[in-house]
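**Student:** The structure's right below; bear with me while I get my questions together.
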Amino acid sequence: MFIVLDNLIAQRRIPPIVAISIGNGSGDAQGSERGLEYDTMSGLYADFVEKEVLPLAEKQGNVRLTKDPNGRADHGGSSGGSCALIMAWYRPDLYHRVLTFSGTYVNQQWPYNAHTPHGAWEFHEHLIPNSPAKPLRIWMEVGDKDNFNPTPWTTICMIGLSLTENMG
């Protein structure tokens, strides 16, 4: 990703940006550190990024990052994809733009949360249809070969959603 961004910036196809990557705590799903960090349906991970990661990045990179949620995006793949949407959903004051690649919108949260018992599955099951519009712009990529699916056809589905529009 960083090579692609560097090339796009050098070609003046995008303005200079700062991209920050955070490694997960390992494991997967319920009971794992990764499940706790990436799949918890709350604003806790966004708060961690805001209070600990971004100030450290500003200091070490000698940069000043915008606080404008329209000037920020969060991004991730797999559980990181659901984490990106979780961050923006629970902290739209911080993020309005989300990019996800094969997001795992299923129940992998840990520990159990009675308010969102089905984890990230709650987005399409209850949260999006039953919530007021949020100022989010979401780009999702999903491919049929995820997890080595043996389907004989290949389809890439790119969806651009604006949760400020009527989701009807």
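Lettering and numbering for the structure tokens are positional, with chains as A, B, ... in the shown order, residues counted from 1 in each chain, and ligands counted from 1 in the shown order.
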Got a sec to tell me which of stretch 1-165 of chain A DSSP assigns to alpha helix (DSSP H), as number ranges by chain?

**Tutor:** A: 2-10, 33-39, 44-48, 54-61, 79-90, 122, 128-130

**Student:** Determine, using only C-alpha atoms, which residues of stretch 52-129 of chain A have any atom at most 9 Å from an atom of stretch 6-29 of chain A, and tabulate each with its shortest atom pair and distance in Å to one decimal place, rows ordered by chain and then rising number, as a Markdown table.

**Tutor:**
| residue | atom | partner | partner_atom | distance |
| --- | --- | --- | --- | --- |
| A:Val53 | CA | A:Ile22 | CA | 8.5 |
| A:Leu54 | CA | A:Ile20 | CA | 8.4 |
| A:Ala57 | CA | A:Ile20 | CA | 7.7 |
| A:Val63 | CA | A:Val18 | CA | 8.6 |
| A:Leu65 | CA | A:Val18 | CA | 8.0 |
| A:Ser79 | CA | A:Asp28 | CA | 8.6 |
| A:Gly80 | CA | A:Asn24 | CA | 8.6 |
| A:Asn107 | CA | A:Ala29 | CA | 7.9 |
| A:Gln108 | CA | A:Ala29 | CA | 4.4 |
| A:Gln109 | CA | A:Ala29 | CA | 6.6 |
| A:Trp110 | CA | A:Ala29 | CA | 7.3 |

**Student:** Limited to C-alpha atoms, could you put the picked residues into a file as a PDB file, in the first residue's frame?

**Tutor:**
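The resulting file, selection_28.pdb, is reproduced below:
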ATOM      1  CA  VAL A  53      -1.328   6.388  18.110  1.00  0.00           C
ATOM      2  CA  LEU A  54      -1.911   9.696  16.325  1.00  0.00           C
ATOM      3  CA  ALA A  57       2.806   9.545  14.826  1.00  0.00           C
ATOM      4  CA  VAL A  63       3.792  16.183  11.098  1.00  0.00           C
ATOM      5  CA  LEU A  65      -2.547  15.648  11.386  1.00  0.00           C
ATOM      6  CA  SER A  79     -11.205  -7.801  10.738  1.00  0.00           C
ATOM      7  CA  GLY A  80      -9.402  -4.528  10.089  1.00  0.00           C
ATOM      8  CA  ASN A 107     -19.582 -11.927  15.112  1.00  0.00           C
ATOM      9  CA  GLN A 108     -15.955 -11.999  16.201  1.00  0.00           C
ATOM     10  CA  GLN A 109     -16.152  -9.473  19.017  1.00  0.00           C
ATOM     11  CA  TRP A 110     -14.709 -10.258  22.405  1.00  0.00           C
TER      12      TRP A 110
END

**Student:** Would you please work out which residue, of A:His118, A:His75, A:Lys51, A:His126, is nearest to A:Ile138 when using only C-alpha atoms?

**Tutor:**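 Distance minimum relative to A:Ile138 lands on A:His75.
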